[in-house]
$ cat model.pdb   # PDB, C-alpha atoms, pLDDT in the B column
ATOM      1  CA  MET U 635     -13.650 -45.916 -33.393  1.00 71.00           C
ATOM      2  CA  PRO U 636     -15.967 -46.558 -36.283  1.00 82.00           C
ATOM      3  CA  LEU U 637     -14.987 -47.997 -39.622  1.00 85.00           C
ATOM      4  CA  THR U 638     -13.786 -45.015 -41.657  1.00 84.00           C
ATOM      5  CA  PRO U 639     -11.384 -44.731 -44.597  1.00 84.00           C
ATOM      6  CA  GLU U 640      -8.642 -43.847 -42.085  1.00 82.00           C
ATOM      7  CA  THR U 641      -9.207 -46.847 -39.841  1.00 85.00           C
ATOM      8  CA  LEU U 642      -9.950 -49.379 -42.589  1.00 89.00           C
ATOM      9  CA  THR U 643      -6.460 -50.922 -42.705  1.00 87.00           C
ATOM     10  CA  ARG U 644      -6.660 -51.620 -38.982  1.00 88.00           C
ATOM     11  CA  HIS U 645     -10.305 -52.674 -38.979  1.00 91.00           C
ATOM     12  CA  GLU U 646     -12.216 -55.837 -39.802  1.00 92.00           C
ATOM     13  CA  LEU U 647     -12.203 -56.613 -43.536  1.00 93.00           C
ATOM     14  CA  ASN U 648     -14.394 -59.726 -43.376  1.00 94.00           C
ATOM     15  CA  GLY U 649     -17.907 -59.021 -44.568  1.00 93.00           C
ATOM     16  CA  LEU U 650     -16.983 -55.921 -46.585  1.00 94.00           C
ATOM     17  CA  HIS U 651     -17.609 -55.726 -50.296  1.00 94.00           C
ATOM     18  CA  VAL U 652     -14.316 -55.532 -52.173  1.00 95.00           C
ATOM     19  CA  GLU U 653     -13.188 -55.204 -55.764  1.00 95.00           C
ATOM     20  CA  VAL U 654      -9.700 -55.923 -57.110  1.00 96.00           C
ATOM     21  CA  VAL U 655      -8.929 -52.876 -59.240  1.00 95.00           C
ATOM     22  CA  ASP U 656      -5.276 -53.619 -59.983  1.00 94.00           C
ATOM     23  CA  ALA U 657      -3.095 -56.696 -59.525  1.00 95.00           C
ATOM     24  CA  ALA U 658       0.227 -58.101 -60.666  1.00 94.00           C
ATOM     25  CA  ASN U 659      -1.710 -61.058 -62.060  1.00 93.00           C
ATOM     26  CA  PRO U 660      -4.119 -59.665 -64.689  1.00 94.00           C
ATOM     27  CA  ASP U 661      -6.530 -62.569 -64.167  1.00 94.00           C
ATOM     28  CA  LEU U 662      -7.327 -61.262 -60.690  1.00 94.00           C
ATOM     29  CA  VAL U 663      -8.348 -57.770 -61.810  1.00 95.00           C
ATOM     30  CA  GLY U 664     -12.093 -57.300 -61.635  1.00 94.00           C
ATOM     31  CA  ILE U 665     -12.851 -59.885 -58.959  1.00 94.00           C
ATOM     32  CA  ALA U 666     -15.589 -58.350 -56.852  1.00 95.00           C
ATOM     33  CA  GLY U 667     -17.570 -59.674 -53.936  1.00 95.00           C
ATOM     34  CA  ARG U 668     -17.719 -60.125 -50.210  1.00 95.00           C
ATOM     35  CA  THR U 669     -14.534 -60.737 -48.232  1.00 95.00           C
ATOM     36  CA  VAL U 670     -15.084 -63.973 -46.348  1.00 95.00           C
ATOM     37  CA  VAL U 671     -11.686 -65.078 -45.029  1.00 94.00           C
ATOM     38  CA  GLU U 672      -8.507 -63.149 -44.449  1.00 94.00           C
ATOM     39  CA  THR U 673      -5.083 -64.770 -44.104  1.00 93.00           C
ATOM     40  CA  MET U 674      -1.673 -63.177 -43.640  1.00 92.00           C
ATOM     41  CA  HIS U 675      -0.965 -62.906 -47.373  1.00 94.00           C
ATOM     42  CA  THR U 676      -4.355 -63.320 -49.055  1.00 95.00           C
ATOM     43  CA  LEU U 677      -7.982 -62.304 -49.032  1.00 94.00           C
ATOM     44  CA  MET U 678     -10.693 -64.754 -50.023  1.00 95.00           C
ATOM     45  CA  VAL U 679     -13.474 -63.085 -51.946  1.00 95.00           C
ATOM     46  CA  ASP U 680     -16.862 -64.723 -52.423  1.00 94.00           C
ATOM     47  CA  ASP U 681     -17.971 -63.477 -55.848  1.00 91.00           C
ATOM     48  CA  GLY U 682     -21.339 -65.224 -55.740  1.00 89.00           C
ATOM     49  CA  SER U 683     -20.413 -68.392 -57.608  1.00 91.00           C
ATOM     50  CA  ARG U 684     -17.190 -69.349 -55.884  1.00 93.00           C
ATOM     51  CA  VAL U 685     -14.601 -68.152 -53.401  1.00 94.00           C
ATOM     52  CA  ARG U 686     -11.535 -66.601 -55.053  1.00 94.00           C
ATOM     53  CA  GLN U 687      -8.251 -66.286 -53.207  1.00 95.00           C
ATOM     54  CA  VAL U 688      -6.384 -63.063 -54.016  1.00 95.00           C
ATOM     55  CA  PRO U 689      -2.813 -62.368 -52.839  1.00 95.00           C
ATOM     56  CA  LYS U 690      -2.537 -59.031 -51.044  1.00 93.00           C
ATOM     57  CA  ARG U 691       0.957 -58.352 -52.317  1.00 93.00           C
ATOM     58  CA  GLY U 692       0.880 -56.546 -55.657  1.00 92.00           C
ATOM     59  CA  ALA U 693      -2.885 -56.042 -55.649  1.00 94.00           C
ATOM     60  CA  THR U 694      -4.930 -52.903 -55.116  1.00 95.00           C
ATOM     61  CA  PHE U 695      -8.306 -53.302 -53.471  1.00 95.00           C
ATOM     62  CA  GLU U 696     -11.314 -51.047 -53.443  1.00 95.00           C
ATOM     63  CA  PHE U 697     -13.411 -51.562 -50.329  1.00 94.00           C
ATOM     64  CA  GLU U 698     -16.985 -50.423 -50.041  1.00 93.00           C
ATOM     65  CA  ILE U 699     -17.788 -48.891 -46.664  1.00 91.00           C
ATOM     66  CA  PRO U 700     -21.399 -48.211 -45.744  1.00 84.00           C
ATOM     67  CA  ARG U 701     -21.536 -44.619 -44.531  1.00 76.00           C
ATOM     68  CA  THR U 702     -23.192 -44.376 -41.171  1.00 68.00           C
ATOM     69  CA  ASP U 703     -23.788 -41.024 -39.508  1.00 61.00           C
ATOM     70  CA  GLU U 704     -21.058 -41.721 -36.984  1.00 58.00           C
ATOM     71  CA  ALA U 705     -18.519 -42.645 -39.658  1.00 54.00           C
ATOM     72  CA  ALA U 706     -19.515 -39.661 -41.773  1.00 54.00           C
ATOM     73  CA  GLY U 707     -19.021 -37.352 -38.814  1.00 53.00           C
ATOM     74  CA  ALA U 708     -15.601 -38.838 -38.099  1.00 52.00           C
ATOM     75  CA  ALA U 709     -14.620 -38.542 -41.758  1.00 49.00           C
ATOM     76  CA  LYS U 710     -15.700 -34.915 -41.796  1.00 50.00           C
ATOM     77  CA  ALA U 711     -13.812 -34.176 -38.588  1.00 49.00           C
ATOM     78  CA  SER U 712     -10.597 -35.678 -39.931  1.00 48.00           C
ATOM     79  CA  GLY U 713     -10.932 -33.813 -43.216  1.00 44.00           C
ATOM     80  CA  THR U 714     -11.206 -36.798 -45.500  1.00 47.00           C
ATOM     81  CA  ALA U 715     -10.862 -35.650 -49.065  1.00 43.00           C
ATOM     82  CA  SER U 716     -13.292 -37.127 -51.514  1.00 45.00           C
ATOM     83  CA  LYS U 717     -12.120 -37.856 -55.010  1.00 42.00           C
ATOM     84  CA  LEU U 718     -13.595 -39.391 -58.084  1.00 40.00           C
ATOM     85  CA  ARG U 719     -12.693 -42.937 -58.929  1.00 45.00           C
ATOM     86  CA  SER U 720     -10.908 -41.855 -62.098  1.00 40.00           C
ATOM     87  CA  ASP U 721      -8.637 -39.631 -60.007  1.00 40.00           C
ATOM     88  CA  THR U 722      -7.680 -42.393 -57.634  1.00 42.00           C
ATOM     89  CA  THR U 723      -7.042 -45.052 -60.245  1.00 39.00           C
ATOM     90  CA  GLY U 724      -4.495 -42.861 -61.999  1.00 36.00           C
ATOM     91  CA  GLY U 725      -1.543 -43.110 -59.657  1.00 36.00           C
ATOM     92  CA  PHE U 726      -1.495 -45.442 -56.697  1.00 38.00           C
ATOM     93  CA  ASP U 727       0.737 -44.458 -53.857  1.00 40.00           C
ATOM     94  CA  ALA U 728       0.998 -45.908 -50.393  1.00 38.00           C
ATOM     95  CA  SER U 729      -1.628 -43.539 -49.029  1.00 43.00           C
ATOM     96  CA  GLN U 730      -5.270 -44.336 -49.158  1.00 45.00           C
ATOM     97  CA  SER U 731      -7.772 -42.353 -51.032  1.00 45.00           C
ATOM     98  CA  ASP U 732     -11.487 -42.606 -50.989  1.00 47.00           C
ATOM     99  CA  ARG U 733     -14.295 -41.286 -53.034  1.00 47.00           C
ATOM    100  CA  LEU U 734     -17.813 -40.551 -52.055  1.00 46.00           C
ATOM    101  CA  ALA U 735     -20.420 -42.063 -54.229  1.00 40.00           C
ATOM    102  CA  ASP U 736     -23.132 -39.678 -55.258  1.00 36.00           C
ATOM    103  CA  SER U 737     -26.554 -40.637 -54.032  1.00 34.00           C
ATOM    104  CA  SER U 738     -27.777 -42.163 -57.296  1.00 32.00           C
ATOM    105  CA  SER U 739     -24.862 -44.549 -57.807  1.00 35.00           C
ATOM    106  CA  ALA U 740     -24.846 -45.420 -54.112  1.00 35.00           C
ATOM    107  CA  ALA U 741     -28.486 -46.379 -54.311  1.00 32.00           C
ATOM    108  CA  SER U 742     -27.960 -48.485 -57.410  1.00 34.00           C
ATOM    109  CA  ARG U 743     -24.924 -50.328 -56.057  1.00 40.00           C
ATOM    110  CA  SER U 744     -25.850 -50.938 -52.465  1.00 38.00           C
ATOM    111  CA  GLY U 745     -29.620 -50.948 -52.688  1.00 38.00           C
ATOM    112  CA  ASN U 746     -30.229 -48.503 -49.844  1.00 44.00           C
ATOM    113  CA  CYS U 747     -30.456 -44.762 -49.667  1.00 43.00           C
ATOM    114  CA  GLU U 748     -27.427 -44.345 -47.425  1.00 59.00           C
ATOM    115  CA  GLY U 749     -24.238 -43.294 -49.133  1.00 76.00           C
ATOM    116  CA  VAL U 750     -21.317 -45.632 -49.646  1.00 86.00           C
ATOM    117  CA  ALA U 751     -17.644 -44.689 -49.504  1.00 87.00           C
ATOM    118  CA  TYR U 752     -15.135 -46.457 -51.717  1.00 91.00           C
ATOM    119  CA  VAL U 753     -11.666 -46.784 -50.239  1.00 92.00           C
ATOM    120  CA  THR U 754      -8.717 -47.782 -52.391  1.00 92.00           C
ATOM    121  CA  VAL U 755      -5.979 -49.583 -50.486  1.00 92.00           C
ATOM    122  CA  ASP U 756      -2.653 -50.967 -51.658  1.00 92.00           C
ATOM    123  CA  GLY U 757      -2.599 -54.651 -50.697  1.00 90.00           C
ATOM    124  CA  ALA U 758       0.929 -54.279 -49.255  1.00 89.00           C
ATOM    125  CA  GLN U 759      -0.579 -52.192 -46.437  1.00 88.00           C
ATOM    126  CA  LEU U 760      -2.705 -55.154 -45.392  1.00 89.00           C
ATOM    127  CA  LEU U 761       0.185 -57.645 -45.163  1.00 88.00           C
ATOM    128  CA  SER U 762      -0.164 -58.735 -41.558  1.00 87.00           C
ATOM    129  CA  ARG U 763      -1.732 -61.478 -39.538  1.00 89.00           C
ATOM    130  CA  PRO U 764      -5.438 -60.601 -39.405  1.00 91.00           C
ATOM    131  CA  ALA U 765      -5.552 -60.256 -35.612  1.00 90.00           C
ATOM    132  CA  LEU U 766      -2.375 -58.180 -35.430  1.00 89.00           C
ATOM    133  CA  ARG U 767      -3.391 -55.564 -37.970  1.00 86.00           C
ATOM    134  CA  THR U 768      -5.406 -53.667 -35.355  1.00 86.00           C
ATOM    135  CA  GLU U 769      -2.423 -52.925 -33.130  1.00 79.00           C
ATOM    136  CA  THR U 770       0.396 -52.090 -35.539  1.00 59.00           C
ATOM    137  CA  THR U 771       0.123 -48.319 -35.312  1.00 55.00           C
ATOM    138  CA  GLY U 772       0.610 -48.064 -31.627  1.00 51.00           C
ATOM    139  CA  ASP U 773      -2.411 -47.589 -29.402  1.00 51.00           C
ATOM    140  CA  SER U 774      -1.910 -51.112 -28.068  1.00 47.00           C
ATOM    141  CA  LYS U 775      -0.937 -51.272 -24.403  1.00 53.00           C
ATOM    142  CA  TRP U 776       2.058 -53.410 -25.275  1.00 51.00           C
ATOM    143  CA  ARG U 777       3.740 -51.524 -28.067  1.00 46.00           C
TER     144      ARG U 777
ATOM    145  CA  MET Q 882     -15.239 -48.142 -28.166  1.00 78.00           C
ATOM    146  CA  ASN Q 883     -11.874 -48.837 -29.752  1.00 86.00           C
ATOM    147  CA  ILE Q 884     -11.148 -50.662 -32.991  1.00 88.00           C
ATOM    148  CA  ALA Q 885     -10.528 -54.015 -31.308  1.00 91.00           C
ATOM    149  CA  GLU Q 886     -13.905 -53.985 -29.553  1.00 93.00           C
ATOM    150  CA  GLU Q 887     -15.675 -52.983 -32.723  1.00 93.00           C
ATOM    151  CA  ARG Q 888     -13.899 -55.709 -34.691  1.00 93.00           C
ATOM    152  CA  ILE Q 889     -15.096 -58.244 -32.105  1.00 95.00           C
ATOM    153  CA  ASP Q 890     -18.651 -56.952 -32.518  1.00 95.00           C
ATOM    154  CA  ARG Q 891     -18.453 -57.337 -36.281  1.00 95.00           C
ATOM    155  CA  LEU Q 892     -16.918 -60.799 -36.031  1.00 96.00           C
ATOM    156  CA  HIS Q 893     -19.668 -61.799 -33.603  1.00 97.00           C
ATOM    157  CA  ALA Q 894     -22.317 -60.784 -36.137  1.00 96.00           C
ATOM    158  CA  LEU Q 895     -20.432 -62.527 -38.969  1.00 96.00           C
ATOM    159  CA  ALA Q 896     -20.091 -65.736 -36.932  1.00 96.00           C
ATOM    160  CA  ARG Q 897     -23.791 -65.749 -36.107  1.00 96.00           C
ATOM    161  CA  GLU Q 898     -24.677 -65.162 -39.748  1.00 95.00           C
ATOM    162  CA  ALA Q 899     -22.342 -67.949 -40.951  1.00 96.00           C
ATOM    163  CA  ALA Q 900     -23.733 -70.340 -38.330  1.00 96.00           C
ATOM    164  CA  SER Q 901     -27.316 -69.578 -39.334  1.00 95.00           C
ATOM    165  CA  ASP Q 902     -26.322 -70.406 -42.928  1.00 95.00           C
ATOM    166  CA  ARG Q 903     -25.075 -73.748 -41.485  1.00 95.00           C
ATOM    167  CA  ASP Q 904     -21.501 -72.830 -42.454  1.00 94.00           C
ATOM    168  CA  HIS Q 905     -20.046 -73.863 -39.102  1.00 95.00           C
ATOM    169  CA  GLU Q 906     -16.431 -74.045 -40.263  1.00 95.00           C
ATOM    170  CA  ARG Q 907     -16.487 -70.419 -41.359  1.00 95.00           C
ATOM    171  CA  ALA Q 908     -18.214 -69.403 -38.121  1.00 96.00           C
ATOM    172  CA  ARG Q 909     -15.338 -71.126 -36.284  1.00 96.00           C
ATOM    173  CA  GLU Q 910     -12.818 -68.999 -38.202  1.00 95.00           C
ATOM    174  CA  TYR Q 911     -14.601 -65.822 -37.119  1.00 96.00           C
ATOM    175  CA  VAL Q 912     -14.864 -66.981 -33.491  1.00 97.00           C
ATOM    176  CA  ARG Q 913     -11.160 -67.837 -33.370  1.00 96.00           C
ATOM    177  CA  LEU Q 914     -10.199 -64.503 -34.911  1.00 96.00           C
ATOM    178  CA  ALA Q 915     -12.401 -62.586 -32.445  1.00 96.00           C
ATOM    179  CA  ARG Q 916     -10.815 -64.495 -29.526  1.00 96.00           C
ATOM    180  CA  ARG Q 917      -7.336 -63.704 -30.813  1.00 95.00           C
ATOM    181  CA  VAL Q 918      -8.153 -59.993 -31.211  1.00 94.00           C
ATOM    182  CA  ALA Q 919      -9.528 -59.891 -27.656  1.00 94.00           C
ATOM    183  CA  GLU Q 920      -6.433 -61.664 -26.347  1.00 93.00           C
ATOM    184  CA  ARG Q 921      -3.986 -59.349 -28.098  1.00 90.00           C
ATOM    185  CA  ASN Q 922      -5.796 -56.188 -27.041  1.00 88.00           C
ATOM    186  CA  ARG Q 923      -6.769 -57.357 -23.528  1.00 88.00           C
ATOM    187  CA  CYS Q 924     -10.353 -56.205 -23.932  1.00 90.00           C
ATOM    188  CA  GLY Q 925     -12.353 -59.361 -23.133  1.00 93.00           C
ATOM    189  CA  LEU Q 926     -15.357 -60.651 -25.018  1.00 96.00           C
ATOM    190  CA  PRO Q 927     -19.035 -59.715 -24.702  1.00 96.00           C
ATOM    191  CA  LYS Q 928     -21.091 -62.005 -22.455  1.00 95.00           C
ATOM    192  CA  ALA Q 929     -23.346 -63.127 -25.332  1.00 94.00           C
ATOM    193  CA  PHE Q 930     -20.246 -64.137 -27.302  1.00 96.00           C
ATOM    194  CA  ARG Q 931     -18.778 -66.121 -24.388  1.00 95.00           C
ATOM    195  CA  ARG Q 932     -22.047 -67.946 -23.715  1.00 94.00           C
ATOM    196  CA  PHE Q 933     -22.790 -68.894 -27.304  1.00 95.00           C
ATOM    197  CA  THR Q 934     -19.395 -70.119 -28.431  1.00 96.00           C
ATOM    198  CA  CYS Q 935     -17.953 -73.528 -27.576  1.00 95.00           C
ATOM    199  CA  ASP Q 936     -14.785 -73.405 -25.484  1.00 94.00           C
ATOM    200  CA  ASP Q 937     -13.675 -76.793 -26.818  1.00 94.00           C
ATOM    201  CA  CYS Q 938     -14.249 -76.565 -30.576  1.00 94.00           C
ATOM    202  CA  ASP Q 939     -14.798 -72.786 -31.093  1.00 95.00           C
ATOM    203  CA  ALA Q 940     -18.170 -73.368 -32.799  1.00 96.00           C
ATOM    204  CA  TYR Q 941     -20.720 -70.564 -32.720  1.00 96.00           C
ATOM    205  CA  LEU Q 942     -23.656 -72.118 -30.854  1.00 96.00           C
ATOM    206  CA  LEU Q 943     -27.205 -71.764 -32.087  1.00 95.00           C
ATOM    207  CA  PRO Q 944     -29.582 -73.514 -29.678  1.00 94.00           C
ATOM    208  CA  GLY Q 945     -31.554 -76.167 -31.566  1.00 93.00           C
ATOM    209  CA  VAL Q 946     -29.067 -76.232 -34.453  1.00 94.00           C
ATOM    210  CA  ASN Q 947     -25.689 -77.238 -33.027  1.00 93.00           C
ATOM    211  CA  ALA Q 948     -26.357 -76.751 -29.326  1.00 94.00           C
ATOM    212  CA  ARG Q 949     -28.871 -78.053 -26.770  1.00 94.00           C
ATOM    213  CA  VAL Q 950     -29.985 -75.955 -23.831  1.00 94.00           C
ATOM    214  CA  ARG Q 951     -31.547 -77.536 -20.729  1.00 93.00           C
ATOM    215  CA  THR Q 952     -32.602 -75.919 -17.501  1.00 92.00           C
ATOM    216  CA  ARG Q 953     -31.816 -77.864 -14.351  1.00 91.00           C
ATOM    217  CA  ALA Q 954     -33.213 -77.855 -10.838  1.00 91.00           C
ATOM    218  CA  GLY Q 955     -30.812 -76.009  -8.574  1.00 87.00           C
ATOM    219  CA  GLY Q 956     -30.666 -72.926 -10.733  1.00 85.00           C
ATOM    220  CA  HIS Q 957     -28.458 -73.454 -13.707  1.00 89.00           C
ATOM    221  CA  VAL Q 958     -28.669 -73.932 -17.455  1.00 91.00           C
ATOM    222  CA  VAL Q 959     -26.682 -76.558 -19.297  1.00 91.00           C
ATOM    223  CA  VAL Q 960     -25.545 -75.653 -22.813  1.00 91.00           C
ATOM    224  CA  ARG Q 961     -24.198 -78.616 -24.710  1.00 90.00           C
ATOM    225  CA  CYS Q 962     -22.351 -78.277 -27.994  1.00 93.00           C
ATOM    226  CA  ASP Q 963     -22.713 -81.022 -30.618  1.00 92.00           C
ATOM    227  CA  CYS Q 964     -19.029 -81.826 -30.064  1.00 93.00           C
ATOM    228  CA  GLY Q 965     -19.997 -83.093 -26.616  1.00 93.00           C
ATOM    229  CA  ALA Q 966     -18.666 -80.251 -24.495  1.00 93.00           C
ATOM    230  CA  THR Q 967     -21.046 -78.945 -21.847  1.00 93.00           C
ATOM    231  CA  LYS Q 968     -21.079 -75.702 -19.941  1.00 93.00           C
ATOM    232  CA  ARG Q 969     -23.231 -74.741 -16.962  1.00 93.00           C
ATOM    233  CA  TYR Q 970     -24.394 -71.228 -16.206  1.00 93.00           C
ATOM    234  CA  PRO Q 971     -26.143 -70.109 -12.994  1.00 92.00           C
ATOM    235  CA  TYR Q 972     -29.246 -67.970 -12.996  1.00 86.00           C
TER     236      TYR Q 972
END

$ encode --input "model.pdb" --output "structure tokens"
Amino acid sequence: MPLTPETLTRHELNGLHVEVVDAANPDLVGIAGRTVVETMHTLMVDDGSRVRQVPKRGATFEFEIPRTDEAAGAAKASGTASKLRSDTTGGFDASQSDRLADSSSAASRSGNCEGVAYVTVDGAQLLSRPALRTETTGDSKWR
Amino acid sequence: MNIAEERIDRLHALAREAASDRDHERAREYVRLARRVAERNRCGLPKAFRRFTCDDCDAYLLPGVNARVRTRAGGHVVVRCDCGATKRYPY
């Protein structure tokens, strides 16, 4: 299963570009960079100059997913709704929402011509040991 | 390919990238996480991952950087990690 907005909370977060769009601690809002380490309660974000540690609880993250053909096909098949960022930042609920960047902003932000999807996730959904996140919704052989 | 296998693939690439930036501690984190994911989901690890990670110290091995590779008469290769652990593979 490819990395899509639906599978993001169960997929690998290390290496993805992330931005903190909302947090209980106002100093954390706006931290953007590459996720380098994940722990049970925090994400460590390398913002270029240093590595910032952001608690998952109380924060809202916006992950940047490179859109491959396979992921785009899966997103289309599952009927992923695309919304504008302003729509998603209005009211955060437990569900995820993603927006599709138009081609011009995708090119300017990621530097390639492939589109990028932005997925907004409530940090409380990511509260889990990093290795156990993959299996919590039940296609593990043991649960 | 399920999520666990794809996560292992991504972690493999991240570990190799961290090791080539000489950030061996971070590469170790990725290797340990990939091993844990494989263990929990009973899916095993790719052969390239098993051969180029150290069983003793979990380092991601880059020959010439933190690992030495020697061929031996009798048909095997010795891969030695800088921590001193060696592993022999037949060919």

$ interface_residues --input "model.pdb" --of "chain Q" --to "chain U" --cutoff "9 Å" --atoms "only C-alpha atoms" --output "list in words"
Met882, Asn883, Ile884, Ala885, Glu886, Glu887, Arg888, Ile889, Arg891, Leu892, Leu895, Arg907, Glu910, Tyr911, Leu914, Ala915, Arg917, Val918, Ala919, Arg921, Asn922 and Arg923 of chain Q

$ resolve_selection --input "model.pdb" --expression "the PyMOL selection byres ((chain U and resi 761) around 10)" --output "list in words"
Thr643, Thr673, Met674, His675, Thr676, Pro689, Lys690, Arg691, Asp756, Gly757, Ala758, Gln759, Leu760, Ser762, Arg763, Pro764 and Arg767 of chain U

$ residues_near_point --input "model.pdb" --point "(-8.8, -49.6, -51.0)" --cutoff "7 Å" --atoms "all atoms listed in the file" --output "NGL selection string"
:U and (694-697 or 730 or 753-756)

$ atom_distance --input "model.pdb" --atom1 "atom CA of Q:Asp939" --atom2 "atom CA of Q:Arg961"
12.8 Å

$ residues_around --input "model.pdb" --residues "Q:Cys938" --least-positions-apart "3" --cutoff "8 Å" --atoms "only C-alpha atoms" --output "list of chain:residue names"
Q:Arg909, Q:Cys935, Q:Cys964

$ atom_distance --input "model.pdb" --atom1 "atom CA of U:Gly749" --atom2 "atom CA of U:Leu677"
25.0 Å

$ atom_distance --input "model.pdb" --atom1 "atom CA of U:Tyr752" --atom2 "atom CA of U:Ala666"
13.0 Å

$ closest_residue --input "model.pdb" --among "Q:Arg969, Q:Arg916, Q:His957, Q:Arg951" --to "Q:His893" --atoms "all atoms listed in the file"
Q:Arg916

$ resolve_selection --input "model.pdb" --expression "the PyMOL selection byres ((chain Q and resi 959) around 12)" --output "PDB file with C-alpha atoms, in the coordinates of the input"
ATOM      1  CA  ARG Q 932     -22.047 -67.946 -23.715  1.00 94.00           C
ATOM      2  CA  PHE Q 933     -22.790 -68.894 -27.304  1.00 95.00           C
ATOM      3  CA  PRO Q 944     -29.582 -73.514 -29.678  1.00 94.00           C
ATOM      4  CA  ALA Q 948     -26.357 -76.751 -29.326  1.00 94.00           C
ATOM      5  CA  ARG Q 949     -28.871 -78.053 -26.770  1.00 94.00           C
ATOM      6  CA  VAL Q 950     -29.985 -75.955 -23.831  1.00 94.00           C
ATOM      7  CA  ARG Q 951     -31.547 -77.536 -20.729  1.00 93.00           C
ATOM      8  CA  THR Q 952     -32.602 -75.919 -17.501  1.00 92.00           C
ATOM      9  CA  ARG Q 953     -31.816 -77.864 -14.351  1.00 91.00           C
ATOM     10  CA  ALA Q 954     -33.213 -77.855 -10.838  1.00 91.00           C
ATOM     11  CA  GLY Q 955     -30.812 -76.009  -8.574  1.00 87.00           C
ATOM     12  CA  GLY Q 956     -30.666 -72.926 -10.733  1.00 85.00           C
ATOM     13  CA  HIS Q 957     -28.458 -73.454 -13.707  1.00 89.00           C
ATOM     14  CA  VAL Q 958     -28.669 -73.932 -17.455  1.00 91.00           C
ATOM     15  CA  VAL Q 960     -25.545 -75.653 -22.813  1.00 91.00           C
ATOM     16  CA  ARG Q 961     -24.198 -78.616 -24.710  1.00 90.00           C
ATOM     17  CA  CYS Q 962     -22.351 -78.277 -27.994  1.00 93.00           C
ATOM     18  CA  GLY Q 965     -19.997 -83.093 -26.616  1.00 93.00           C
ATOM     19  CA  ALA Q 966     -18.666 -80.251 -24.495  1.00 93.00           C
ATOM     20  CA  THR Q 967     -21.046 -78.945 -21.847  1.00 93.00           C
ATOM     21  CA  LYS Q 968     -21.079 -75.702 -19.941  1.00 93.00           C
ATOM     22  CA  ARG Q 969     -23.231 -74.741 -16.962  1.00 93.00           C
ATOM     23  CA  TYR Q 970     -24.394 -71.228 -16.206  1.00 93.00           C
ATOM     24  CA  PRO Q 971     -26.143 -70.109 -12.994  1.00 92.00           C
ATOM     25  CA  TYR Q 972     -29.246 -67.970 -12.996  1.00 86.00           C
TER      26      TYR Q 972
END

$ closest_residue --input "model.pdb" --among "Q:Asp936, Q:Leu942, Q:Pro927, Q:Asn947" --to "Q:Asp890" --atoms "all atoms listed in the file"
Q:Pro927

$ closest_residue --input "model.pdb" --among "U:Val688, U:Thr669, U:Arg701, U:Val679" --to "U:Leu650" --atoms "all atoms listed in the file"
U:Thr669

$ resolve_selection --input "model.pdb" --expression "the PyMOL selection byres ((chain U and resi 667) around 7)" --output "PyMOL selection string"
chain U and resi 651-653+665-666+668-669+679-682

$ axis_aligned_box --input "model.pdb" --around "stretch 667-686 of chain U" --padding-each-side "5 Å" --output "AutoDock Vina command-line options"
--center_x -11.2 --center_y -64.5 --center_z -50.6 --size_x 30.4 --size_y 19.7 --size_z 24.0
